[in-house]
Each structure stands twice: as C-alpha cells, then as structure tokens.
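Enquirer: Got a structure here, written out as structure tokens. Questions coming.
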Amino acid sequence: VMQLGDARLWFDEWAADQRSDYAERTDLFARQLIAAVRAGEADETVVVGHSGGGATALAIVARALEIEPAIAHSRRVTLLTLGSLLPLIACYPQARTTRDGIRRVAMDKTVAWIDCQAKADILNFFGTHPVRDVGVEVEPGWPNPTVWKISIKSLVAPRQYRRMCLSPFRTHFQYIMANDHVGDNGYDYF
C-alpha cells in the first residue's frame, strides 16, 4: 500500500511536469539511445519498459525522436511496453507532455511500438488502447502501437499460475520473468 501511495504521488507530479529531475533523466537516456543507435553495433535497439517504466520508456523514445527525428531511419528501434501504467499518467488532464510523447511515437513510422497487456494482471490497463483511449488525437493511418494481449496462464505451469494469482504483484512481474512455456501467442520475454 505504501509503495502504491508513493507511486501515486510520483505520477501526480510527473503528469503535471513538476519533476525537473525526471525531465533531465529522460533527456539523458534519450541521448544515450541516440548514441547507441548511431554506433550501429546492433541490428535493432529495443527500449523496454515494464509497469511505470512503460511510461518512462515511451518518454525516452519520444524525446529521442524530438532531438533526432531520423533516429530510426538507419537502424531499427523498437519500444516494448509491458503491463504499462502509461494510460494512468496520460489520463491526467495536465499530462500534456505525456500525451504529446504518445502522439509523437504513435505517428512515427520508423519506430515499432509493441504494447503487451494481460487480463490476469490487475495492475495493468488490459483492453485499453494506449493512444485512442487516453484522448490522444492522431492522423488517420497512425502505425503505433501494436497491442499484444498475453495470456499469463499460458506462460507458466498450472500449479505456478494458481499460486501466482494470489499475488497481484507477482502476476504483474511475469512479463519480465522466465516462463515455463512460450505463450499461446508466441510471447516469451527472454
């Protein structure tokens, strides 16, 4: 409960752009992303964000696109948001920076954005589209994100799943943990 309360206060300040330290870190990570893509040492650069980190990952990619719009023209860049709390932040009326970032990434044809959601995870926004359902207006034909609905039940052994369902946090973290099986839709984080 304390952790959720602290998170709520953080999200309030973040949505209202009252965290200059967050903006500075986002800019720093965006510049590191640009440097990594420019270095050309990998065929693809994947930015992964889980839970509240999904909103942070999106902010980093959006900032990188703001600094260098052609970042992904030479190398593939993928944004992977897992059980993201992005809709929580984007729905704050004062969260204009977050919604602008969503719009920027949603409209970019060079970045692939995949948003993974699971019905069994009560801490994510299952069934919520991270662009359309948070009031972000985009032009027709916007390419991002692709929403993958994941069956956590298909990832783990039945006994493990029954135990996991007793702990919302444990279920929420399955996105980034080893699985017993590849999911019904092919999802396997590792």
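Each chain in the structure tokens gets a letter, A, B and so on, in the order shown; residues start at 1 in every chain, and ligands are counted from 1 in the order they appear.
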Taking the chain letters and numbering used in this document, name the residues of chain A that DSSP puts in strand (DSSP E or B), as a compact mmCIF listing (two decimals) with all heavy atoms, in the first residue's frame.

Expert:
# COMPACT_ATOMS: atom_id res chain seq x y z
N GLU A 44 19.20 -3.95 -34.10
CA GLU A 44 17.99 -3.40 -33.52
C GLU A 44 18.28 -2.93 -32.10
O GLU A 44 19.00 -3.59 -31.36
CB GLU A 44 16.88 -4.46 -33.49
CG GLU A 44 15.58 -4.00 -32.87
CD GLU A 44 14.50 -5.08 -32.88
OE1 GLU A 44 14.84 -6.27 -33.04
OE2 GLU A 44 13.33 -4.71 -32.71
N THR A 45 17.70 -1.81 -31.72
CA THR A 45 17.78 -1.33 -30.35
C THR A 45 16.38 -1.40 -29.78
O THR A 45 15.44 -0.85 -30.35
CB THR A 45 18.29 0.13 -30.31
OG1 THR A 45 19.57 0.19 -30.96
CG2 THR A 45 18.41 0.62 -28.88
N VAL A 46 16.24 -2.12 -28.66
CA VAL A 46 14.94 -2.30 -28.04
C VAL A 46 14.93 -1.56 -26.70
O VAL A 46 15.79 -1.78 -25.86
CB VAL A 46 14.63 -3.80 -27.81
CG1 VAL A 46 13.24 -3.98 -27.19
CG2 VAL A 46 14.73 -4.58 -29.12
N VAL A 47 13.96 -0.68 -26.55
CA VAL A 47 13.75 0.04 -25.30
C VAL A 47 12.57 -0.63 -24.61
O VAL A 47 11.47 -0.67 -25.17
CB VAL A 47 13.47 1.53 -25.54
CG1 VAL A 47 13.25 2.26 -24.22
CG2 VAL A 47 14.59 2.17 -26.36
N VAL A 48 12.81 -1.20 -23.43
CA VAL A 48 11.79 -1.96 -22.72
C VAL A 48 11.39 -1.23 -21.45
O VAL A 48 12.25 -0.79 -20.69
CB VAL A 48 12.31 -3.38 -22.35
CG1 VAL A 48 11.24 -4.17 -21.61
CG2 VAL A 48 12.78 -4.12 -23.59
N GLY A 49 10.09 -1.12 -21.23
CA GLY A 49 9.59 -0.53 -20.01
C GLY A 49 8.46 -1.36 -19.45
O GLY A 49 7.51 -1.68 -20.16
N HIS A 50 8.57 -1.72 -18.19
CA HIS A 50 7.54 -2.50 -17.51
C HIS A 50 6.85 -1.63 -16.48
O HIS A 50 7.50 -0.86 -15.76
CB HIS A 50 8.17 -3.73 -16.83
CG HIS A 50 7.24 -4.46 -15.92
ND1 HIS A 50 7.30 -4.33 -14.55
CD2 HIS A 50 6.21 -5.28 -16.19
CE1 HIS A 50 6.34 -5.07 -14.01
NE2 HIS A 50 5.67 -5.65 -14.98
N ARG A 76 16.99 -0.22 -36.77
CA ARG A 76 15.66 -0.50 -36.22
C ARG A 76 15.61 -0.14 -34.72
O ARG A 76 16.50 -0.50 -33.96
CB ARG A 76 15.33 -1.97 -36.41
CG ARG A 76 13.94 -2.33 -35.98
CD ARG A 76 13.67 -3.80 -36.27
NE ARG A 76 12.44 -4.15 -35.64
CZ ARG A 76 11.37 -4.55 -36.30
NH1 ARG A 76 11.40 -4.67 -37.60
NH2 ARG A 76 10.28 -4.87 -35.65
N VAL A 77 14.56 0.57 -34.33
CA VAL A 77 14.30 0.92 -32.93
C VAL A 77 12.92 0.40 -32.58
O VAL A 77 11.95 0.65 -33.30
CB VAL A 77 14.38 2.44 -32.69
CG1 VAL A 77 13.99 2.78 -31.25
CG2 VAL A 77 15.77 2.97 -33.01
N THR A 78 12.84 -0.34 -31.49
CA THR A 78 11.56 -0.90 -31.03
C THR A 78 11.32 -0.47 -29.60
O THR A 78 12.22 -0.53 -28.76
CB THR A 78 11.57 -2.45 -31.12
OG1 THR A 78 11.80 -2.83 -32.47
CG2 THR A 78 10.26 -3.04 -30.64
N LEU A 79 10.11 -0.05 -29.33
CA LEU A 79 9.66 0.27 -27.98
C LEU A 79 8.74 -0.85 -27.53
O LEU A 79 7.76 -1.17 -28.21
CB LEU A 79 8.90 1.61 -27.96
CG LEU A 79 8.17 1.96 -26.67
CD1 LEU A 79 9.13 2.08 -25.50
CD2 LEU A 79 7.37 3.24 -26.87
N LEU A 80 9.06 -1.46 -26.41
CA LEU A 80 8.27 -2.56 -25.86
C LEU A 80 7.76 -2.15 -24.49
O LEU A 80 8.55 -1.96 -23.56
CB LEU A 80 9.14 -3.82 -25.76
CG LEU A 80 8.51 -5.11 -25.29
CD1 LEU A 80 7.38 -5.55 -26.21
CD2 LEU A 80 9.56 -6.21 -25.20
N THR A 81 6.45 -1.94 -24.37
CA THR A 81 5.85 -1.57 -23.09
C THR A 81 5.09 -2.78 -22.56
O THR A 81 4.26 -3.35 -23.26
CB THR A 81 4.93 -0.34 -23.23
OG1 THR A 81 3.98 -0.53 -24.27
CG2 THR A 81 5.76 0.91 -23.52
N LEU A 82 5.40 -3.17 -21.34
CA LEU A 82 4.87 -4.40 -20.74
C LEU A 82 4.05 -4.07 -19.50
O LEU A 82 4.59 -3.54 -18.53
CB LEU A 82 6.02 -5.33 -20.36
CG LEU A 82 7.04 -5.62 -21.45
CD1 LEU A 82 8.25 -6.35 -20.88
CD2 LEU A 82 6.41 -6.43 -22.56
N VAL A 111 9.70 3.74 -35.90
CA VAL A 111 9.81 3.07 -34.61
C VAL A 111 8.65 2.08 -34.49
O VAL A 111 7.50 2.43 -34.76
CB VAL A 111 9.76 4.09 -33.44
CG1 VAL A 111 9.67 3.38 -32.10
CG2 VAL A 111 10.97 5.00 -33.49
N ALA A 112 8.96 0.86 -34.10
CA ALA A 112 7.91 -0.13 -33.83
C ALA A 112 7.60 -0.08 -32.33
O ALA A 112 8.50 -0.24 -31.50
CB ALA A 112 8.37 -1.52 -34.23
N TRP A 113 6.35 0.15 -31.99
CA TRP A 113 5.91 0.18 -30.58
C TRP A 113 4.97 -0.99 -30.37
O TRP A 113 3.95 -1.11 -31.02
CB TRP A 113 5.24 1.50 -30.28
CG TRP A 113 4.63 1.63 -28.91
CD1 TRP A 113 4.78 0.81 -27.83
CD2 TRP A 113 3.73 2.67 -28.48
NE1 TRP A 113 4.05 1.27 -26.76
CE2 TRP A 113 3.40 2.42 -27.14
CE3 TRP A 113 3.19 3.78 -29.12
CZ2 TRP A 113 2.54 3.24 -26.42
CZ3 TRP A 113 2.34 4.60 -28.41
CH2 TRP A 113 2.02 4.33 -27.06
N ILE A 114 5.35 -1.86 -29.44
CA ILE A 114 4.52 -3.02 -29.08
C ILE A 114 4.12 -2.87 -27.62
O ILE A 114 4.98 -2.72 -26.75
CB ILE A 114 5.28 -4.34 -29.30
CG1 ILE A 114 5.71 -4.47 -30.76
CG2 ILE A 114 4.42 -5.53 -28.87
CD1 ILE A 114 6.72 -5.55 -31.02
N ASP A 115 2.82 -2.87 -27.37
CA ASP A 115 2.30 -2.74 -26.01
C ASP A 115 1.70 -4.08 -25.61
O ASP A 115 0.76 -4.56 -26.24
CB ASP A 115 1.23 -1.65 -25.96
CG ASP A 115 0.70 -1.43 -24.56
OD1 ASP A 115 1.48 -0.97 -23.70
OD2 ASP A 115 -0.49 -1.72 -24.31
N CYS A 116 2.25 -4.69 -24.56
CA CYS A 116 1.78 -6.00 -24.09
C CYS A 116 0.91 -5.84 -22.86
O CYS A 116 1.28 -5.16 -21.91
CB CYS A 116 2.97 -6.91 -23.77
SG CYS A 116 4.01 -7.24 -25.20
N GLN A 117 -0.25 -6.49 -22.89
CA GLN A 117 -1.22 -6.42 -21.81
C GLN A 117 -1.68 -7.84 -21.46
O GLN A 117 -1.70 -8.70 -22.33
CB GLN A 117 -2.45 -5.62 -22.23
CG GLN A 117 -2.16 -4.27 -22.78
CD GLN A 117 -3.41 -3.60 -23.33
OE1 GLN A 117 -4.50 -4.15 -23.33
NE2 GLN A 117 -3.24 -2.37 -23.80
N ALA A 118 -2.07 -8.04 -20.21
CA ALA A 118 -2.56 -9.35 -19.80
C ALA A 118 -3.80 -9.18 -18.92
O ALA A 118 -3.79 -8.39 -17.97
CB ALA A 118 -1.49 -10.12 -19.04
N THR A 146 1.26 -1.60 -31.76
CA THR A 146 0.64 -2.90 -31.94
C THR A 146 0.37 -3.41 -30.52
O THR A 146 1.28 -3.42 -29.70
CB THR A 146 1.58 -3.88 -32.67
OG1 THR A 146 1.87 -3.32 -33.96
CG2 THR A 146 0.98 -5.25 -32.79
N VAL A 147 -0.86 -3.77 -30.22
CA VAL A 147 -1.21 -4.25 -28.89
C VAL A 147 -1.23 -5.78 -28.91
O VAL A 147 -1.95 -6.38 -29.71
CB VAL A 147 -2.58 -3.70 -28.43
CG1 VAL A 147 -2.97 -4.27 -27.08
CG2 VAL A 147 -2.54 -2.17 -28.37
N TRP A 148 -0.41 -6.37 -28.04
CA TRP A 148 -0.40 -7.83 -27.88
C TRP A 148 -1.09 -8.17 -26.58
O TRP A 148 -0.69 -7.70 -25.51
CB TRP A 148 1.02 -8.37 -27.81
CG TRP A 148 1.77 -8.41 -29.11
CD1 TRP A 148 1.31 -8.09 -30.34
CD2 TRP A 148 3.13 -8.80 -29.27
NE1 TRP A 148 2.30 -8.24 -31.27
CE2 TRP A 148 3.42 -8.68 -30.64
CE3 TRP A 148 4.11 -9.23 -28.39
CZ2 TRP A 148 4.67 -8.98 -31.15
CZ3 TRP A 148 5.36 -9.53 -28.90
CH2 TRP A 148 5.63 -9.41 -30.27
N LYS A 149 -2.10 -8.98 -26.66
CA LYS A 149 -2.77 -9.47 -25.46
C LYS A 149 -2.12 -10.81 -25.10
O LYS A 149 -2.13 -11.74 -25.88
CB LYS A 149 -4.27 -9.59 -25.71
CG LYS A 149 -4.86 -8.21 -25.92
CD LYS A 149 -6.33 -8.18 -25.81
CE LYS A 149 -6.74 -6.73 -25.73
NZ LYS A 149 -7.68 -6.31 -26.67
N ILE A 150 -1.56 -10.85 -23.91
CA ILE A 150 -0.79 -12.01 -23.46
C ILE A 150 -1.61 -12.81 -22.45
O ILE A 150 -2.25 -12.25 -21.57
CB ILE A 150 0.51 -11.53 -22.79
CG1 ILE A 150 1.38 -10.85 -23.82
CG2 ILE A 150 1.25 -12.66 -22.10
CD1 ILE A 150 2.56 -10.14 -23.23

Enquirer: Which residues of segment 93-115 of chain A come within 12 Å of segment 18-32 of chain A, and for each one, what is the closest pair of atoms and their distance in Å to one decimal, counting only C-alpha atoms, sorted by chain and residue number, as CSV?

Expert:
residue,atom,partner,partner_atom,distance
A:Gln94,CA,A:Gln18,CA,10.6
A:Ala95,CA,A:Gln18,CA,10.5
A:Thr97,CA,A:Ala23,CA,10.3
A:Thr98,CA,A:Ala23,CA,11.3
A:Gly101,CA,A:Thr26,CA,11.7

Enquirer: Expressed in Å to a single decimal, how great is the separation between atom CA of Val131 of chain A and atom CA of Ser167 of chain A?

Expert: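 That distance, rounded to one decimal, is 28.9 Å.
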
Enquirer: Between A:Asn144, A:Thr171, A:Ser84, A:Asn185, which has the minimum distance to Thr128 of chain A (counting only C-alpha atoms)?

Expert: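 Of the candidates, the smallest distance to Thr128 of chain A is held by A:Ser84.
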
Enquirer: Just the number, please: distance in Å from atom CA of Arg103 of chain A to atom CA of Ile152 of chain A, one decimal.

Expert: 29.0 Å

Enquirer: Between atom CA of Pro140 of chain A and atom CA of Ile71 of chain A, measure the distance and give it in Å to one decimal.

Expert: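 Interatomic distance here is 23.0 Å.
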
Enquirer: Between A:Arg132, A:Arg96, A:Arg63, A:Arg162, which is the closest to Ala15 of chain A once you count only C-alpha atoms?

Expert: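 Nearest candidate to Ala15 of chain A out of A:Arg132, A:Arg96, A:Arg63, A:Arg162: A:Arg96.
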
Enquirer: Could you check which of A:Lys119, A:Ala55, A:Leu155, A:Phe190 is closest to Pro168 of chain A, using only C-alpha atoms?

Expert: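 Once distances to Pro168 of chain A are computed over only C-alpha atoms, the minimum belongs to A:Lys119.
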
Enquirer: Pick from A:Ala39, A:Ala62, A:Val134, A:Ile67: nearest to Leu88 of chain A, with only C-alpha atoms counted?

Expert: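 Under the stated criterion, the closest residue is A:Val134.
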